[in-house]
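One structure is given here, and the rest of the page talks about it.
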Amino acid sequence: MAGTPGTFFRLTEKGSQIVDSVEAGHPAADSPLVDRLIAAGAVHPVPGVSIPVDQLTVVIPTFARSDDDVMRVRALVAALAPLPVVVVDDASPVTVDVDARRVVRLGVNSGPGAARNAGVREVATPFVAFIDDDVEVTADQVLELSGHFTDPNVACVAPRVSTDVGRTFVSQYEAVRSPLDMGPAPARIRPGSLVPYVPSAVLVARTSAVTDAFDESLRFGEDVEFEWRSVSDSAQCRYEPTVVCRHPARPSIAAMLKQRFQYGRSAADIDKRLPWSVAPIRGNLFHVLPLALLLAGQAFWAIEAAFVSVVFTFVALRRTGLSSRKKSAIARLSIAVSSRHVATAVTREWWPLFLVFSAWQPVSFAYWLAASGLVLVDIVKLRPVNIAAFVPLRLLDNIAYGAGVWAGAVRTRSVRCLLPRLSVGQRRGG
């Protein structure tokens, strides 16, 4: 059992030898089994040989508000040498004078999606790298990412984007909870994956896969919408956390909350184009019920539901040959992951409902139980340097995002982005 979502694989003796070799860290030869494992997110390839410099062009969209912004773009272009660079000036109020291969000036500010599309039209190389103007990245890092294109099924790849711990509360918070930092584990990008999306702060792609690919009507979430619309078994997007780029934190708490609100607001737009892709909860009903009942104040039935969830897992795994101990571990993990999803939905997308009924004590208790559990788990797991600042910012982060989701739902007149997507079956592999 491996991958995200979890998938069962039945292996022949030869297949078992291949998997044993992979688990031991030995290079794996090409085979249909390895391809299926990669497609399921069960194993992850390491970058191969980088492509030549003349095969990749960098596109930098920018909206420069001051001379300092222009200086930052110049420094980024210099750091990317010798890669050719196309800078797209998205109708900046100041002149963007940089030493790039080409500078494209848009007459009207049209947003990041339109800027990237305009830039890629100037690209004649088979590969392109989209890089935001406030990211710290070098040409060597971009070329290292390009090593994934030795696999013809890879359409795009992104690095880890981290934030340094600074002196401000926001930088200390975003050093461990940045929406751009997708964590230390490699992944295949798709809905339901361990890493469901990657930001386009740095995104290296095949030019053929991204020509006019970004939805220009979206000001936020255009990168997520593109990734989810484009990925398939023959067009995979990969997350490569061994390459780490830097991105500054938001300059203030207000700016951070505004960003999170806009991210949440884009959820309804993405759902309109890709139905059910942004559901607050995606999982199995049997695994979700225990915490849902506990939050409803039904402790006895929550225990019963947990027992049913364990039985369901044992039944689903009955032909796998796993020991009872391993089945129990999988059952506990399934309930734990689903419980986190429920707690996140309660404190993020669904908090307005809990606020409306907060005068009823059980509802108020349910919200604070979910919130405290989520924050405590994050403190233990992430170990923030400033816990006193982390706790309120963690709650405000979810509140701002949830408010954005509701604003988007009202604007699009659709509540689908607020509804859970639950199943009662079990995913099976080959």
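Lettering and numbering for the structure tokens are positional, with chains as A, B, ... in the shown order, residues counted from 1 in each chain, and ligands counted from 1 in the shown order.
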
Could you build a table of the residues in stretch 203-308 of chain A lying no more than 9 Å from stretch 151-161 of chain A, giving for each the nearest pair of atoms and their separation in Å rounded to one decimal place, using only C-alpha atoms, ordered by chain and ascending residue number, as JSON lines?
{"residue": "A:Leu203", "atom": "CA", "partner": "A:Ala158", "partner_atom": "CA", "distance": 4.8}
{"residue": "A:Val204", "atom": "CA", "partner": "A:Val157", "partner_atom": "CA", "distance": 5.3}
{"residue": "A:Ala205", "atom": "CA", "partner": "A:Cys156", "partner_atom": "CA", "distance": 4.0}
{"residue": "A:Arg206", "atom": "CA", "partner": "A:Ala155", "partner_atom": "CA", "distance": 5.6}
{"residue": "A:Thr207", "atom": "CA", "partner": "A:Ala155", "partner_atom": "CA", "distance": 8.8}
{"residue": "A:Ser208", "atom": "CA", "partner": "A:Ala155", "partner_atom": "CA", "distance": 8.8}
{"residue": "A:Ala209", "atom": "CA", "partner": "A:Ala155", "partner_atom": "CA", "distance": 6.4}
{"residue": "A:Val210", "atom": "CA", "partner": "A:Ala155", "partner_atom": "CA", "distance": 8.8}
{"residue": "A:Glu227", "atom": "CA", "partner": "A:Cys156", "partner_atom": "CA", "distance": 8.8}
{"residue": "A:Ser230", "atom": "CA", "partner": "A:Ala155", "partner_atom": "CA", "distance": 8.8}
{"residue": "A:Val231", "atom": "CA", "partner": "A:Ala155", "partner_atom": "CA", "distance": 8.0}
{"residue": "A:Ser232", "atom": "CA", "partner": "A:Asn153", "partner_atom": "CA", "distance": 8.9}
{"residue": "A:Asp233", "atom": "CA", "partner": "A:Asn153", "partner_atom": "CA", "distance": 7.1}
{"residue": "A:Ser234", "atom": "CA", "partner": "A:Asn153", "partner_atom": "CA", "distance": 4.9}
{"residue": "A:Ala235", "atom": "CA", "partner": "A:Ala155", "partner_atom": "CA", "distance": 5.1}
{"residue": "A:Gln236", "atom": "CA", "partner": "A:Val154", "partner_atom": "CA", "distance": 4.6}
{"residue": "A:Cys237", "atom": "CA", "partner": "A:Cys156", "partner_atom": "CA", "distance": 4.8}
{"residue": "A:Arg238", "atom": "CA", "partner": "A:Val157", "partner_atom": "CA", "distance": 4.6}
{"residue": "A:Tyr239", "atom": "CA", "partner": "A:Ala158", "partner_atom": "CA", "distance": 5.1}
{"residue": "A:Glu240", "atom": "CA", "partner": "A:Pro159", "partner_atom": "CA", "distance": 4.9}
{"residue": "A:Pro241", "atom": "CA", "partner": "A:Arg160", "partner_atom": "CA", "distance": 4.6}
{"residue": "A:Thr242", "atom": "CA", "partner": "A:Arg160", "partner_atom": "CA", "distance": 7.3}
{"residue": "A:Val243", "atom": "CA", "partner": "A:Pro159", "partner_atom": "CA", "distance": 5.2}
{"residue": "A:Val244", "atom": "CA", "partner": "A:Arg160", "partner_atom": "CA", "distance": 4.8}
{"residue": "A:Cys245", "atom": "CA", "partner": "A:Val161", "partner_atom": "CA", "distance": 4.9}
{"residue": "A:Arg246", "atom": "CA", "partner": "A:Val161", "partner_atom": "CA", "distance": 5.6}
{"residue": "A:His247", "atom": "CA", "partner": "A:Val161", "partner_atom": "CA", "distance": 6.4}

* Asked: Which neighbours of A:Pro362 fall inside 8 Å, counting only C-alpha atoms, when residues of the same chain fewer than 3 positions from it are skipped, and could you give them as a PyMOL selection string?
  -> chain A and resi 296-297+365-366

Output of the above residues as a CSV table (one decimal), in the first residue's frame, restricted to N, CA and C atoms:
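Written output follows (result.csv):
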chain,number,residue,atom,x,y,z
A,296,ALA,N,-19.7,17.0,17.3
A,296,ALA,CA,-21.2,17.2,17.5
A,296,ALA,C,-21.6,16.9,18.9
A,297,GLY,N,-20.6,16.5,19.8
A,297,GLY,CA,-20.9,16.2,21.1
A,297,GLY,C,-21.4,14.8,21.4
A,365,PHE,N,-18.1,24.9,21.4
A,365,PHE,CA,-17.2,23.9,21.9
A,365,PHE,C,-16.5,23.1,20.8
A,366,ALA,N,-17.3,22.8,19.8
A,366,ALA,CA,-16.8,22.0,18.6
A,366,ALA,C,-15.8,22.8,17.9

* Test item, alpha helix (DSSP H) assignment across stretch 338-422 of chain A, answer as a ChimeraX atom specification -> /A:338-347,351-356,361-382,387-412

Which residues come within 6 Å of A:Leu56, counting only C-alpha atoms, excluding same-chain residues fewer than 3 positions away, as a compact mmCIF listing (two decimals) with N, CA and C atoms, in the first residue's frame?
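Result file follows (result_23.txt):
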# COMPACT_ATOMS: atom_id res chain seq x y z
N VAL A 53 21.75 24.78 -21.55
CA VAL A 53 21.32 26.15 -21.26
C VAL A 53 20.48 26.72 -22.40
N THR A 125 12.42 28.21 -27.21
CA THR A 125 13.07 27.00 -26.71
C THR A 125 12.04 25.96 -26.29
N PHE A 127 11.78 24.40 -23.56
CA PHE A 127 11.46 24.46 -22.13
C PHE A 127 11.41 25.92 -21.68
N VAL A 128 10.58 26.18 -20.66
CA VAL A 128 10.42 27.53 -20.15
C VAL A 128 10.32 27.46 -18.63

Considering only C-alpha atoms, give me a table of residues in stretch 308-408 of chain A that are at most 12 Å from stretch 10-30 of chain A, with the closest atom pair and distance in Å for each, as a Markdown table.
| residue | atom | partner | partner_atom | distance |
| --- | --- | --- | --- | --- |
| A:Leu317 | CA | A:Arg10 | CA | 11.7 |
| A:Arg319 | CA | A:Arg10 | CA | 9.8 |
| A:Thr320 | CA | A:Arg10 | CA | 7.8 |
| A:Gly321 | CA | A:Arg10 | CA | 10.1 |
| A:Leu322 | CA | A:Arg10 | CA | 11.8 |

* To do: Tell me which protein, DNA and RNA residues are within 8 Å of A:Gly119, counting only C-alpha atoms, leaving out same-chain ones fewer than 6 positions away, and put them as a PyMOL selection string.
  => chain A and resi 59-61+86-88+104

* From A:Leu422, A:Leu353, A:Ala316, A:Ala370, residue lying nearest A:Leu294 [only C-alpha atoms] -> A:Ala370
